[in-house]
Amino acid sequence: MAQKIRTGDMVVVISGKYKNNRGRVLKVFPKKGRAMVEDVNLVKRHRGKRHGLDEGRIEEKLAPIYLSKLKLICPKCGQPTRVGFRFLEDGKKVRYCKKCGEVID
């Protein structure tokens, strides 16, 4: 199945703690159905001295978020949209915005 959200896309979170936050997709995990989005789903990890550090500390890092919570932002119209697929005249399969009908790829 083709990916509707790919690395480098601008997305908006549509549900959960980070609702309405926008960010760029850093990495996609299609088999798990998740993606890493910048500044979204930050989690805190407590690191102790036993991890080779001089002192313990609390680190913030990104965690993957479900793809179902993300909506692609169309580069043409700037609106969050669903994604469709169509074939061009040369037979190439491309993504398109369901709101304005413009090709995304």
# chains A, B, ... in the order shown; residues from 1 in each chain; ligands from 1

$ residues_around --residues "A:Gln3" --least-positions-apart "6" --cutoff "12 Å" --atoms "only C-alpha atoms" --output "PyMOL selection string"
chain A and resi 9+28-31+33-35+67+72+83-85+93-95

$ select_by_dssp --residues "stretch 45-77 of chain A" --states "helix (DSSP H, G or I)" --output "PyMOL selection string"
chain A and resi 49-51+67-69

$ closest_residue --among "A:Val25, A:Ile104, A:Ile5, A:Leu70" --to "A:Arg86" --atoms "only C-alpha atoms"
A:Ile104

$ atom_distance --atom1 "atom CA of A:His46" --atom2 "atom CA of A:Pro64"
18.3 Å

$ closest_residue --among "A:Ala2, A:Leu26, A:Ile14, A:Met36" --to "A:Lys71" --atoms "only C-alpha atoms"
A:Ile14

$ closest_residue --among "A:Gln79, A:Ser68, A:Asn21, A:Thr7" --to "A:Asn41" --atoms "only C-alpha atoms"
A:Asn21

$ residues_around --residues "A:Val43" --least-positions-apart "5" --cutoff "9 Å" --atoms "only C-alpha atoms" --output "PDB file with C-alpha atoms, in the first residue's frame"
ATOM      1  CA  GLU A  59      16.327  14.105  28.921  1.00  0.00           C
ATOM      2  CA  GLU A  60      13.562  15.008  26.493  1.00  0.00           C
ATOM      3  CA  LYS A  61      13.331  13.046  23.271  1.00  0.00           C
ATOM      4  CA  LEU A  62      10.897  12.523  20.429  1.00  0.00           C
ATOM      5  CA  ALA A  63       8.618   9.515  20.352  1.00  0.00           C
TER       6      ALA A  63
END

$ closest_residue --among "A:Val40, A:Ile65, A:Ile73, A:Val103" --to "A:Phe87" --atoms "only C-alpha atoms"
A:Val103
